[in-house]
$ cat upload-v9.cif   # mmCIF, C-alpha atoms
data_data
#
loop_
_atom_site.label_atom_id
_atom_site.label_comp_id
_atom_site.auth_asym_id
_atom_site.auth_seq_id
_atom_site.Cartn_x
_atom_site.Cartn_y
_atom_site.Cartn_z
CA MET H 1 -34.98 10.28 -6.10
CA LYS H 2 -33.14 13.31 -4.73
CA THR H 3 -30.07 14.59 -6.61
CA TYR H 4 -26.75 14.87 -4.75
CA THR H 5 -23.47 16.53 -5.62
CA LEU H 6 -20.53 14.22 -5.06
CA MET H 7 -16.80 14.97 -5.11
CA SER H 8 -14.08 12.39 -5.62
CA PRO H 9 -10.46 13.33 -4.87
CA CYS H 10 -7.69 11.55 -6.78
CA PHE H 11 -3.95 11.68 -7.33
CA PHE H 12 -2.73 14.54 -9.52
CA GLY H 13 -2.54 13.37 -13.12
CA VAL H 14 -5.38 10.89 -12.74
CA GLU H 15 -8.28 13.35 -13.18
CA LYS H 16 -9.08 12.49 -16.81
CA MET H 17 -9.23 8.76 -16.17
CA LEU H 18 -11.45 9.33 -13.13
CA ALA H 19 -13.75 11.66 -15.09
CA ARG H 20 -14.12 9.00 -17.77
CA GLU H 21 -15.01 6.40 -15.13
CA ILE H 22 -17.62 8.73 -13.64
CA LYS H 23 -19.12 9.46 -17.06
CA ASP H 24 -19.20 5.74 -17.90
CA LEU H 25 -21.22 5.14 -14.72
CA GLY H 26 -23.84 7.52 -16.12
CA PHE H 27 -23.22 10.42 -13.73
CA GLU H 28 -23.29 14.10 -14.75
CA ILE H 29 -19.86 15.72 -14.41
CA VAL H 30 -19.99 19.25 -12.97
CA LYS H 31 -16.28 20.08 -12.84
CA THR H 32 -12.89 18.44 -13.31
CA GLU H 33 -10.05 20.21 -11.52
CA ASP H 34 -6.63 19.39 -10.10
CA GLY H 35 -6.97 16.38 -7.83
CA ARG H 36 -10.77 16.26 -7.83
CA VAL H 37 -13.86 15.59 -9.95
CA THR H 38 -17.31 16.91 -8.97
CA TYR H 39 -20.45 15.22 -10.31
CA LYS H 40 -24.19 14.80 -9.75
CA THR H 41 -26.11 11.62 -9.06
CA ASP H 42 -28.82 10.18 -6.82
CA GLU H 43 -28.69 8.12 -3.62
CA TYR H 44 -28.16 4.95 -5.64
CA GLY H 45 -25.16 6.65 -7.26
CA ILE H 46 -23.46 7.16 -3.87
CA ALA H 47 -23.26 3.39 -3.46
CA LYS H 48 -22.43 2.80 -7.12
CA ALA H 49 -19.56 5.31 -7.10
CA ASN H 50 -18.02 3.70 -4.02
CA MET H 51 -18.41 0.23 -5.50
CA TRP H 52 -17.06 0.93 -9.01
CA LEU H 53 -14.59 3.83 -9.08
CA ARG H 54 -11.07 2.45 -9.53
CA CYS H 55 -9.11 5.74 -9.65
CA ALA H 56 -10.85 7.77 -6.94
CA GLU H 57 -9.57 7.98 -3.37
CA ARG H 58 -12.95 8.70 -1.79
CA VAL H 59 -16.55 9.67 -2.50
CA HIS H 60 -17.60 12.82 -0.66
CA LEU H 61 -21.15 14.14 -0.40
CA LYS H 62 -20.96 17.90 -0.92
CA VAL H 63 -23.01 19.78 1.67
CA ALA H 64 -22.25 23.46 1.06
CA GLU H 65 -19.91 26.02 -0.46
CA PHE H 66 -19.45 29.61 0.71
CA GLU H 67 -16.79 32.30 1.16
CA ALA H 68 -15.10 32.88 4.50
CA LYS H 69 -12.16 35.18 5.22
CA THR H 70 -12.64 35.25 9.00
CA PHE H 71 -13.45 32.64 11.62
CA ASP H 72 -16.74 34.44 12.30
CA GLU H 73 -17.72 34.02 8.64
CA LEU H 74 -16.68 30.35 8.77
CA PHE H 75 -18.77 29.80 11.90
CA GLU H 76 -21.87 31.59 10.63
CA GLY H 77 -21.65 30.02 7.15
CA THR H 78 -21.41 26.54 8.65
CA LYS H 79 -24.13 27.16 11.23
CA ARG H 80 -26.60 28.36 8.55
CA ILE H 81 -26.61 24.90 6.96
CA ASN H 82 -29.45 22.58 7.94
CA TRP H 83 -27.16 19.78 9.12
CA ALA H 84 -30.12 17.75 10.38
CA LYS H 85 -30.84 16.92 6.71
CA TYR H 86 -27.61 14.92 6.66
CA ILE H 87 -26.79 13.94 10.24
CA PRO H 88 -29.45 12.10 12.25
CA TYR H 89 -29.91 12.47 15.99
CA GLY H 90 -27.20 10.73 18.01
CA ALA H 91 -24.80 10.28 15.09
CA GLN H 92 -21.09 11.04 15.39
CA PHE H 93 -19.69 13.75 13.11
CA PRO H 94 -15.92 14.06 13.60
CA ILE H 95 -14.18 16.80 11.64
CA THR H 96 -11.86 14.27 10.09
CA LYS H 97 -9.77 16.55 7.92
CA ALA H 98 -9.34 20.24 7.15
CA SER H 99 -7.06 21.72 4.51
CA SER H 100 -6.51 25.30 3.45
CA ILE H 101 -4.73 26.58 0.35
CA LYS H 102 -4.07 30.24 -0.52
CA SER H 103 -6.64 31.43 2.04
CA LYS H 104 -6.86 33.90 4.90
CA LEU H 105 -7.80 31.08 7.26
CA HIS H 106 -4.86 28.70 7.45
CA SER H 107 -4.76 27.18 10.95
CA THR H 108 -6.36 23.78 10.33
CA PRO H 109 -6.86 22.94 14.05
CA HIS H 110 -8.80 26.19 14.49
CA ILE H 111 -10.79 25.54 11.30
CA GLN H 112 -11.76 22.09 12.57
CA SER H 113 -12.75 23.45 15.99
CA ILE H 114 -14.90 26.28 14.55
CA VAL H 115 -16.68 23.99 12.09
CA LYS H 116 -17.41 21.45 14.83
CA LYS H 117 -18.91 24.11 17.12
CA ALA H 118 -21.04 25.51 14.30
CA ILE H 119 -22.46 22.09 13.36
CA VAL H 120 -23.21 21.39 17.02
CA GLU H 121 -25.15 24.67 17.27
CA SER H 122 -27.09 23.88 14.08
CA LEU H 123 -28.01 20.36 15.23
CA LYS H 124 -28.95 21.47 18.76
CA LYS H 125 -31.39 23.95 17.27
CA SER H 126 -32.88 21.33 14.95
CA TYR H 127 -33.15 18.64 17.65
CA LEU H 128 -34.23 21.04 20.42
CA GLU H 129 -31.27 20.14 22.62
CA ASP H 130 -30.00 22.45 25.36
CA GLY H 131 -27.18 20.41 26.87
CA LEU H 132 -24.55 18.18 25.36
CA LEU H 133 -25.36 16.69 21.97
CA LYS H 134 -25.27 12.89 22.00
CA GLU H 135 -22.76 11.28 19.64
CA ASP H 136 -22.89 7.54 20.18
CA LYS H 137 -24.20 6.09 16.92
CA GLU H 138 -22.87 5.76 13.34
CA LYS H 139 -20.26 8.16 11.93
CA TYR H 140 -20.61 10.94 9.36
CA PRO H 141 -17.01 12.18 8.89
CA ILE H 142 -16.83 15.87 7.92
CA TYR H 143 -14.18 17.23 5.55
CA VAL H 144 -13.33 20.94 5.20
CA PHE H 145 -11.55 22.21 2.13
CA ILE H 146 -10.72 25.93 1.77
CA HIS H 147 -9.19 27.26 -1.43
CA LYS H 148 -8.79 30.98 -2.08
CA ASP H 149 -11.20 31.71 0.81
CA LYS H 150 -13.92 29.48 -0.66
CA VAL H 151 -15.07 26.87 1.86
CA VAL H 152 -16.37 23.47 0.73
CA LEU H 153 -17.94 21.27 3.39
CA SER H 154 -18.55 17.60 2.65
CA ILE H 155 -19.33 14.28 4.31
CA ASP H 156 -17.22 11.24 3.54
CA THR H 157 -19.36 8.31 2.36
CA THR H 158 -16.41 5.92 1.96
CA GLY H 159 -14.64 5.31 5.28
CA ASP H 160 -11.32 3.60 4.62
CA ALA H 161 -9.94 5.12 1.41
CA LEU H 162 -11.00 3.48 -1.85
CA HIS H 163 -7.49 2.21 -2.58
CA LYS H 164 -8.03 -0.22 0.29
CA ARG H 165 -9.74 -2.85 -1.82
CA GLY H 166 -9.50 -5.51 0.86
CA TYR H 167 -6.95 -7.72 -0.88
CA ARG H 168 -3.61 -6.26 0.13
CA GLU H 169 -3.20 -7.41 3.72
CA LYS H 170 0.53 -7.68 3.06
CA ALA H 171 2.76 -5.57 0.85
CA ASN H 172 6.38 -5.41 -0.17
CA LYS H 173 8.53 -2.47 0.91
CA ALA H 174 7.53 -0.05 -1.89
CA PRO H 175 4.01 -0.84 -3.07
CA ILE H 176 2.18 1.21 -5.65
CA ARG H 177 -1.26 2.36 -4.54
CA GLU H 178 -4.15 0.41 -6.06
CA THR H 179 -5.86 3.51 -7.44
CA LEU H 180 -2.69 4.59 -9.25
CA ALA H 181 -2.15 1.06 -10.57
CA ALA H 182 -5.67 1.14 -12.04
CA ALA H 183 -5.00 4.53 -13.65
CA ILE H 184 -1.81 3.19 -15.23
CA MET H 185 -3.74 0.26 -16.70
CA TYR H 186 -6.24 2.74 -18.18
CA LEU H 187 -3.35 4.51 -19.89
CA THR H 188 -2.37 1.36 -21.79
CA PRO H 189 -4.26 -0.43 -24.58
CA TRP H 190 -3.93 -3.82 -22.87
CA LYS H 191 -7.01 -6.02 -22.83
CA PRO H 192 -7.63 -9.65 -21.80
CA GLY H 193 -6.18 -12.11 -24.27
CA ARG H 194 -3.04 -10.08 -24.92
CA THR H 195 0.16 -11.05 -23.13
CA LEU H 196 0.85 -8.95 -20.03
CA VAL H 197 3.95 -9.23 -17.84
CA ASP H 198 5.15 -7.34 -14.78
CA PRO H 199 8.77 -8.49 -14.31
CA MET H 200 9.15 -6.57 -11.03
CA CYS H 201 5.69 -7.22 -9.65
CA GLY H 202 6.38 -6.82 -5.92
CA SER H 203 3.11 -7.53 -4.10
CA GLY H 204 1.30 -7.86 -7.42
CA THR H 205 -0.84 -4.72 -7.37
CA LEU H 206 -0.59 -3.79 -11.08
CA LEU H 207 -1.48 -7.30 -12.20
CA ILE H 208 -4.27 -7.74 -9.66
CA GLU H 209 -5.86 -4.46 -10.80
CA ALA H 210 -5.48 -5.59 -14.44
CA ALA H 211 -7.10 -8.96 -13.69
CA MET H 212 -10.01 -7.29 -11.87
CA MET H 213 -10.55 -5.06 -14.90
CA GLY H 214 -10.23 -8.07 -17.19
CA ILE H 215 -13.20 -9.83 -15.58
CA ASN H 216 -15.10 -6.60 -14.83
CA MET H 217 -14.88 -7.10 -11.07
CA ALA H 218 -15.92 -4.00 -9.10
CA PRO H 219 -12.97 -2.79 -6.98
CA GLY H 220 -15.21 -2.29 -3.94
CA LEU H 221 -16.80 -5.73 -4.02
CA ASN H 222 -14.74 -7.24 -1.20
CA ARG H 223 -15.02 -4.42 1.35
CA GLU H 224 -17.49 -2.33 3.32
CA PHE H 225 -18.17 1.41 3.28
CA ILE H 226 -18.99 3.75 6.15
CA SER H 227 -22.28 4.92 4.56
CA GLU H 228 -23.61 1.34 4.57
CA LYS H 229 -24.26 1.92 8.29
CA TRP H 230 -26.06 5.22 7.84
CA ARG H 231 -29.71 5.42 8.89
CA THR H 232 -30.09 8.08 6.20
CA MET H 233 -29.39 5.60 3.38
CA ASP H 234 -31.72 2.79 2.33
CA LYS H 235 -29.95 -0.53 3.07
CA LYS H 236 -31.61 -2.07 0.02
CA ILE H 237 -29.62 0.28 -2.23
CA TRP H 238 -26.35 -1.24 -1.02
CA TRP H 239 -27.72 -4.77 -1.40
CA ASP H 240 -28.84 -4.01 -4.97
CA VAL H 241 -25.53 -2.38 -5.95
CA ARG H 242 -23.48 -5.25 -4.52
CA LYS H 243 -25.66 -7.89 -6.20
CA GLU H 244 -25.44 -6.02 -9.52
CA ALA H 245 -21.63 -5.93 -9.18
CA TYR H 246 -21.51 -9.70 -8.62
CA ASP H 247 -23.76 -10.25 -11.63
CA LYS H 248 -21.49 -8.13 -13.85
CA ILE H 249 -18.38 -10.23 -13.27
CA ASP H 250 -17.51 -11.71 -16.67
CA GLU H 251 -15.39 -14.86 -16.61
CA SER H 252 -16.36 -15.95 -20.13
CA LYS H 253 -12.98 -15.00 -21.66
CA PRO H 254 -10.20 -16.93 -19.94
CA PHE H 255 -6.79 -15.22 -19.92
CA LYS H 256 -3.49 -15.46 -18.06
CA ILE H 257 -1.10 -12.69 -17.09
CA TYR H 258 2.35 -13.06 -15.54
CA GLY H 259 4.26 -11.61 -12.61
CA TYR H 260 7.91 -12.10 -11.70
CA ASP H 261 10.12 -10.77 -8.95
CA ILE H 262 13.63 -11.56 -7.77
CA ASP H 263 12.34 -11.67 -4.17
CA GLU H 264 10.66 -14.98 -3.28
CA GLN H 265 8.88 -13.42 -0.29
CA ALA H 266 7.35 -10.76 -2.58
CA ILE H 267 6.06 -13.49 -4.90
CA ASN H 268 4.47 -15.34 -1.98
CA ILE H 269 2.78 -12.11 -0.87
CA ALA H 270 1.58 -11.44 -4.43
CA ARG H 271 0.01 -14.90 -4.63
CA GLU H 272 -1.79 -14.36 -1.31
CA ASN H 273 -3.05 -10.94 -2.44
CA ALA H 274 -4.35 -12.33 -5.75
CA GLU H 275 -6.19 -15.05 -3.87
CA LEU H 276 -7.76 -12.52 -1.50
CA ALA H 277 -8.84 -10.44 -4.52
CA GLY H 278 -10.40 -13.51 -6.14
CA VAL H 279 -8.26 -13.34 -9.30
CA GLU H 280 -5.64 -16.02 -8.55
CA ASP H 281 -6.75 -18.09 -11.57
CA TYR H 282 -5.74 -15.28 -13.93
CA ILE H 283 -2.21 -14.52 -12.70
CA GLU H 284 0.85 -16.75 -12.69
CA PHE H 285 3.60 -15.61 -10.30
CA ASN H 286 7.17 -16.91 -10.36
CA VAL H 287 10.58 -15.94 -8.96
CA ALA H 288 12.81 -14.50 -11.70
CA ASN H 289 15.18 -11.61 -12.39
CA ALA H 290 13.68 -8.90 -14.62
CA VAL H 291 16.91 -8.40 -16.55
CA ASP H 292 16.79 -12.05 -17.66
CA PHE H 293 13.27 -11.81 -19.05
CA LYS H 294 12.65 -13.24 -22.52
CA SER H 295 9.59 -14.53 -24.32
CA ASP H 296 8.64 -16.55 -27.39
CA GLU H 297 5.56 -14.35 -27.79
CA GLU H 298 5.86 -11.96 -30.73
CA TYR H 299 3.64 -9.30 -29.13
CA GLY H 300 3.05 -8.39 -25.52
CA PHE H 301 2.96 -5.76 -22.78
CA ILE H 302 5.40 -5.07 -19.97
CA ILE H 303 3.89 -2.78 -17.34
CA THR H 304 5.98 -2.28 -14.22
CA ASN H 305 6.91 -0.14 -11.23
CA PRO H 306 10.71 -0.56 -10.83
CA PRO H 307 12.79 0.79 -7.92
CA TYR H 308 13.15 4.58 -8.08
CA GLY H 309 16.43 5.00 -6.25
CA GLU H 310 14.67 6.66 -3.29
CA ARG H 311 15.04 4.88 0.04
CA LEU H 312 15.23 1.39 -1.46
CA GLU H 313 18.25 1.46 -3.74
CA ASP H 314 21.18 3.75 -4.21
CA SER H 315 21.45 5.79 -7.40
CA ASP H 316 24.24 3.73 -8.98
CA SER H 317 22.42 0.42 -8.65
CA VAL H 318 19.23 1.91 -10.07
CA LYS H 319 21.12 3.36 -13.04
CA MET H 320 22.60 -0.06 -13.74
CA LEU H 321 19.19 -1.70 -13.42
CA TYR H 322 17.63 0.75 -15.93
CA LYS H 323 20.49 0.15 -18.39
CA GLU H 324 19.99 -3.61 -18.16
CA LEU H 325 16.20 -3.28 -18.47
CA GLY H 326 16.60 -1.16 -21.59
CA TYR H 327 18.84 -3.78 -23.17
CA THR H 328 16.45 -6.61 -22.18
CA PHE H 329 13.23 -4.91 -23.29
CA ARG H 330 14.59 -3.69 -26.64
CA LYS H 331 15.25 -7.30 -27.62
CA LEU H 332 11.45 -7.82 -27.48
CA LYS H 333 10.96 -6.21 -30.88
CA ASN H 334 7.16 -5.87 -31.09
CA TRP H 335 6.41 -5.51 -27.40
CA SER H 336 5.00 -2.45 -25.63
CA TYR H 337 6.47 -1.38 -22.30
CA TYR H 338 5.33 1.09 -19.69
CA LEU H 339 7.46 2.01 -16.66
CA ILE H 340 6.67 4.43 -13.84
CA THR H 341 9.53 6.02 -11.91
CA SER H 342 10.54 9.25 -10.21
CA PHE H 343 14.12 8.92 -11.51
CA GLU H 344 14.73 12.07 -13.57
CA ASP H 345 17.30 10.63 -15.97
CA PHE H 346 15.42 7.42 -16.66
CA GLU H 347 15.40 7.74 -20.47
CA ARG H 348 19.12 8.36 -20.64
CA GLU H 349 19.89 5.32 -18.51
CA PHE H 350 17.27 3.18 -20.24
CA GLY H 351 18.83 4.05 -23.59
CA LYS H 352 15.70 5.16 -25.40
CA ASP H 353 13.41 8.19 -25.32
CA ALA H 354 9.80 7.42 -24.51
CA ASP H 355 7.15 7.94 -27.19
CA ARG H 356 5.03 9.59 -24.51
CA LYS H 357 5.48 10.67 -20.90
CA ARG H 358 2.65 11.11 -18.41
CA LYS H 359 3.24 12.97 -15.15
CA LEU H 360 1.63 11.13 -12.25
CA TYR H 361 1.95 11.39 -8.48
CA ASN H 362 2.63 8.28 -6.42
CA GLY H 363 1.47 9.73 -3.11
CA MET H 364 3.40 13.00 -2.81
CA LEU H 365 6.17 11.72 -5.08
CA LYS H 366 6.27 13.16 -8.60
CA THR H 367 6.76 10.39 -11.14
CA ASN H 368 6.51 9.86 -14.87
CA LEU H 369 4.92 6.99 -16.73
CA TYR H 370 7.30 6.33 -19.63
CA GLN H 371 5.32 4.85 -22.51
CA TYR H 372 6.86 2.79 -25.32
CA PRO H 373 3.92 1.42 -27.33
CA GLY H 374 4.77 -1.29 -29.85
CA PRO H 375 2.92 -2.16 -33.06
CA ARG H 376 -0.54 -3.67 -32.86
CA PRO H 377 -0.60 -7.38 -33.61
CA PRO H 378 -2.54 -8.67 -36.63
CA ARG H 379 -6.26 -8.91 -35.86
CA ASN H 380 -6.27 -12.70 -35.61
CA ASN H 381 -3.63 -12.51 -32.83
CA ASP H 382 -5.24 -9.58 -31.03
#
$ encode --input "upload-v9.cif" --output "structure tokens"
Amino acid sequence: MKTYTLMSPCFFGVEKMLAREIKDLGFEIVKTEDGRVTYKTDEYGIAKANMWLRCAERVHLKVAEFEAKTFDELFEGTKRINWAKYIPYGAQFPITKASSIKSKLHSTPHIQSIVKKAIVESLKKSYLEDGLLKEDKEKYPIYVFIHKDKVVLSIDTTGDALHKRGYREKANKAPIRETLAAAIMYLTPWKPGRTLVDPMCGSGTLLIEAAMMGINMAPGLNREFISEKWRTMDKKIWWDVRKEAYDKIDESKPFKIYGYDIDEQAINIARENAELAGVEDYIEFNVANAVDFKSDEEYGFIITNPPYGERLEDSDSVKMLYKELGYTFRKLKNWSYYLITSFEDFEREFGKDADRKRKLYNGMLKTNLYQYPGPRPPRNND
């Protein structure tokens, strides 16, 4: 089977977790850089990466890389590529996105227009077309990334971004993205059988991602991908990958995790989302105030995404909330707690310095994951 180079973009700060996922899938990593991991695999791996990667935003098929400091160089470099290897006759190939960083070429509309014209010329030559090129069949979205005058052209194999798992039809007013929620879970030592609570669960994303990990459910199992419709990919590959994902679901170890929120509507949404994801049996949602949380369990995990004080709450109310959370959580002597927020003075308000801090981006918003790991329970309780 032919080898392909794939690229998966991700949020800044998530690269190491994504690289580990890619390695665990058996793919060869070429490069890990800010916001992106490049790796090699075969055609089967295109489907497998889309089905299984929890932290990636997309799976791009890398077509070419070359230097261009002028629009003529961009046009000629793009035109030289044998696009007919990737795009069959009649297919659509929109230039979906162009970005340019620290490069001579910086007008993204012009970049998109030039690349489109060059691909059209290449395909017309390959398909012996003189007039307009037909574009009325399946889509092959083209992405252009230019960094320091180096152009990378790729085709998106995903379609709707990978964070769209298919379970979050509704969300509360400040949801955390599914891919970031998965990365946060990777940064904790939680595993099924240990107590896990999100006392400000909102639409339930952190707990749903945890439950999916707990039963080894592929994040892409309940959705479709744009490359499933490609004539250039064997349909049987997708059928095999999806069947393998179903077969790998492991429900042999029953566990229960818990979500609370002061907003009853948020809890109703969280229950609906968990049901859509197929993990409703593993999560118990109830209305409760986070600052009132207590537990008879000696050991446990709190993993949560509290209000940041941006748009949703004013600074004073968030400061008070963090103070109350600090007081509440510190009473849970042997528990571990992990909180993500963009609030700069979180530790001061919370009343305790974190053992570790991890810089992560929630969209374009710089945040920190404040980590307070507790002691490991005795083996018989673990």
$ resolve_selection --input "upload-v9.cif" --expression "the PyMOL selection byres ((chain H and resi 48) around 10)" --output "VMD selection string"
chain H and resid 25 41 to 47 49 to 53 218 220 237 to 238 240 to 242 244 to 245
$ write_last_selection --input "upload-v9.cif" --atoms "C-alpha atoms" --output "mmCIF file, in the coordinates of the input"
data_model
loop_
_atom_site.group_PDB
_atom_site.id
_atom_site.type_symbol
_atom_site.label_atom_id
_atom_site.label_comp_id
_atom_site.auth_asym_id
_atom_site.auth_seq_id
_atom_site.Cartn_x
_atom_site.Cartn_y
_atom_site.Cartn_z
ATOM 1 C CA LEU H 25 -21.220 5.140 -14.720
ATOM 2 C CA THR H 41 -26.110 11.620 -9.060
ATOM 3 C CA ASP H 42 -28.820 10.180 -6.820
ATOM 4 C CA GLU H 43 -28.690 8.120 -3.620
ATOM 5 C CA TYR H 44 -28.160 4.950 -5.640
ATOM 6 C CA GLY H 45 -25.160 6.650 -7.260
ATOM 7 C CA ILE H 46 -23.460 7.160 -3.870
ATOM 8 C CA ALA H 47 -23.260 3.390 -3.460
ATOM 9 C CA ALA H 49 -19.560 5.310 -7.100
ATOM 10 C CA ASN H 50 -18.020 3.700 -4.020
ATOM 11 C CA MET H 51 -18.410 0.230 -5.500
ATOM 12 C CA TRP H 52 -17.060 0.930 -9.010
ATOM 13 C CA LEU H 53 -14.590 3.830 -9.080
ATOM 14 C CA ALA H 218 -15.920 -4.000 -9.100
ATOM 15 C CA GLY H 220 -15.210 -2.290 -3.940
ATOM 16 C CA ILE H 237 -29.620 0.280 -2.230
ATOM 17 C CA TRP H 238 -26.350 -1.240 -1.020
ATOM 18 C CA ASP H 240 -28.840 -4.010 -4.970
ATOM 19 C CA VAL H 241 -25.530 -2.380 -5.950
ATOM 20 C CA ARG H 242 -23.480 -5.250 -4.520
ATOM 21 C CA GLU H 244 -25.440 -6.020 -9.520
ATOM 22 C CA ALA H 245 -21.630 -5.930 -9.180
#
$ resolve_selection --input "upload-v9.cif" --expression "the PyMOL selection byres ((chain H and resi 328-333) around 8)" --output "PyMOL selection string"
chain H and resi 291-295+298+324-327+334-335+337+374
$ residues_around --input "upload-v9.cif" --residues "H:Leu153" --least-positions-apart "3" --cutoff "7 Å" --atoms "all atoms listed in the file" --output "short mmCIF file (atom, residue, chain, number, x, y, z; two decimals) with C-alpha atoms, in the coordinates of the input"
data_model
loop_
_atom_site.label_atom_id
_atom_site.label_comp_id
_atom_site.auth_asym_id
_atom_site.auth_seq_id
_atom_site.Cartn_x
_atom_site.Cartn_y
_atom_site.Cartn_z
CA LYS H 62 -20.96 17.90 -0.92
CA VAL H 63 -23.01 19.78 1.67
CA ALA H 64 -22.25 23.46 1.06
CA GLU H 65 -19.91 26.02 -0.46
CA TYR H 143 -14.18 17.23 5.55
CA VAL H 144 -13.33 20.94 5.20
CA PHE H 145 -11.55 22.21 2.13
#
$ residues_around --input "upload-v9.cif" --residues "H:Lys323" --least-positions-apart "5" --cutoff "9 Å" --atoms "only C-alpha atoms" --output "VMD selection string"
chain H and resid 318 328 348 to 351
$ write_last_selection --input "upload-v9.cif" --atoms "C-alpha atoms" --output "PDB file, in the coordinates of the input"
ATOM      1  CA  VAL H 318      19.230   1.910 -10.070  1.00  0.00           C
ATOM      2  CA  THR H 328      16.450  -6.610 -22.180  1.00  0.00           C
ATOM      3  CA  ARG H 348      19.120   8.360 -20.640  1.00  0.00           C
ATOM      4  CA  GLU H 349      19.890   5.320 -18.510  1.00  0.00           C
ATOM      5  CA  PHE H 350      17.270   3.180 -20.240  1.00  0.00           C
ATOM      6  CA  GLY H 351      18.830   4.050 -23.590  1.00  0.00           C
TER       7      GLY H 351
END
$ resolve_selection --input "upload-v9.cif" --expression "the PyMOL selection byres ((chain H and resi 69) around 8)" --output "ChimeraX atom specification"
/H:67-68,70-71,73-74,103-105,149
$ write_last_selection --input "upload-v9.cif" --atoms "C-alpha atoms" --output "PDB file, keeping the file's coordinate frame"
ATOM      1  CA  GLU H  67     -16.790  32.300   1.160  1.00  0.00           C
ATOM      2  CA  ALA H  68     -15.100  32.880   4.500  1.00  0.00           C
ATOM      3  CA  THR H  70     -12.640  35.250   9.000  1.00  0.00           C
ATOM      4  CA  PHE H  71     -13.450  32.640  11.620  1.00  0.00           C
ATOM      5  CA  GLU H  73     -17.720  34.020   8.640  1.00  0.00           C
ATOM      6  CA  LEU H  74     -16.680  30.350   8.770  1.00  0.00           C
ATOM      7  CA  SER H 103      -6.640  31.430   2.040  1.00  0.00           C
ATOM      8  CA  LYS H 104      -6.860  33.900   4.900  1.00  0.00           C
ATOM      9  CA  LEU H 105      -7.800  31.080   7.260  1.00  0.00           C
ATOM     10  CA  ASP H 149     -11.200  31.710   0.810  1.00  0.00           C
TER      11      ASP H 149
END
$ residues_near_point --input "upload-v9.cif" --point "(-5.4, -8.8, -14.2)" --cutoff "10 Å" --atoms "all atoms listed in the file" --output "list of chain:residue names"
H:Met185, H:Lys191, H:Pro192, H:Leu196, H:Gly204, H:Thr205, H:Leu206, H:Leu207, H:Ile208, H:Glu209, H:Ala210, H:Ala211, H:Met212, H:Met213, H:Gly214, H:Ile215, H:Asn216, H:Phe255, H:Lys256, H:Ile257, H:Tyr258, H:Ala274, H:Val279, H:Glu280, H:Asp281, H:Tyr282, H:Ile283
$ residues_around --input "upload-v9.cif" --residues "H:Phe285" --least-positions-apart "5" --cutoff "8 Å" --atoms "all atoms listed in the file" --output "PDB file with C-alpha atoms, in the frame of the given file"
ATOM      1  CA  TYR H 258       2.350 -13.060 -15.540  1.00  0.00           C
ATOM      2  CA  GLY H 259       4.260 -11.610 -12.610  1.00  0.00           C
ATOM      3  CA  TYR H 260       7.910 -12.100 -11.700  1.00  0.00           C
ATOM      4  CA  ILE H 267       6.060 -13.490  -4.900  1.00  0.00           C
ATOM      5  CA  ALA H 270       1.580 -11.440  -4.430  1.00  0.00           C
ATOM      6  CA  ARG H 271       0.010 -14.900  -4.630  1.00  0.00           C
TER       7      ARG H 271
END
$ atom_distance --input "upload-v9.cif" --atom1 "atom CA of H:Ile142" --atom2 "atom CA of H:Leu128"
22.0 Å
$ atom_distance --input "upload-v9.cif" --atom1 "atom CA of H:Tyr308" --atom2 "atom CA of H:Gly166"
26.4 Å
$ closest_residue --input "upload-v9.cif" --among "H:Thr179, H:Trp230, H:Ile114, H:Ala56" --to "H:Gln92" --atoms "all atoms listed in the file"
H:Trp230
$ residues_near_point --input "upload-v9.cif" --point "(-13.2, 15.0, -20.5)" --cutoff "12 Å" --atoms "all atoms listed in the file" --output "number ranges by chain"
H: 14-24, 28-33, 37
$ atom_distance --input "upload-v9.cif" --atom1 "atom CA of H:Thr5" --atom2 "atom CA of H:Ser126"
23.1 Å
$ residues_around --input "upload-v9.cif" --residues "H:Glu228" --least-positions-apart "5" --cutoff "10 Å" --atoms "all atoms listed in the file" --output "PDB file with C-alpha atoms, in the coordinates of the input"
ATOM      1  CA  ALA H  47     -23.260   3.390  -3.460  1.00  0.00           C
ATOM      2  CA  GLU H 138     -22.870   5.760  13.340  1.00  0.00           C
ATOM      3  CA  THR H 157     -19.360   8.310   2.360  1.00  0.00           C
ATOM      4  CA  THR H 158     -16.410   5.920   1.960  1.00  0.00           C
ATOM      5  CA  GLY H 159     -14.640   5.310   5.280  1.00  0.00           C
ATOM      6  CA  MET H 233     -29.390   5.600   3.380  1.00  0.00           C
ATOM      7  CA  ASP H 234     -31.720   2.790   2.330  1.00  0.00           C
ATOM      8  CA  LYS H 235     -29.950  -0.530   3.070  1.00  0.00           C
ATOM      9  CA  LYS H 236     -31.610  -2.070   0.020  1.00  0.00           C
ATOM     10  CA  ILE H 237     -29.620   0.280  -2.230  1.00  0.00           C
ATOM     11  CA  TRP H 238     -26.350  -1.240  -1.020  1.00  0.00           C
ATOM     12  CA  TRP H 239     -27.720  -4.770  -1.400  1.00  0.00           C
TER      13      TRP H 239
END
$ closest_residue --input "upload-v9.cif" --among "H:Cys10, H:Leu123, H:Ile302, H:Leu365" --to "H:Arg194" --atoms "all atoms listed in the file"
H:Ile302
$ closest_residue --input "upload-v9.cif" --among "H:Pro94, H:Pro88, H:Gly363, H:Gly13" --to "H:Ile176" --atoms "only C-alpha atoms"
H:Gly363
$ closest_residue --input "upload-v9.cif" --among "H:Asp247, H:Asp160, H:Glu57, H:Glu135" --to "H:Glu178" --atoms "all atoms listed in the file"
H:Glu57
$ axis_aligned_box --input "upload-v9.cif" --around "stretch 141-147 of chain H" --padding-each-side "8 Å" --output "lines of an AutoDock Vina configuration file"
center_x = -13.1
center_y = 19.7
center_z = 3.7
size_x = 23.8
size_y = 31.1
size_z = 26.3
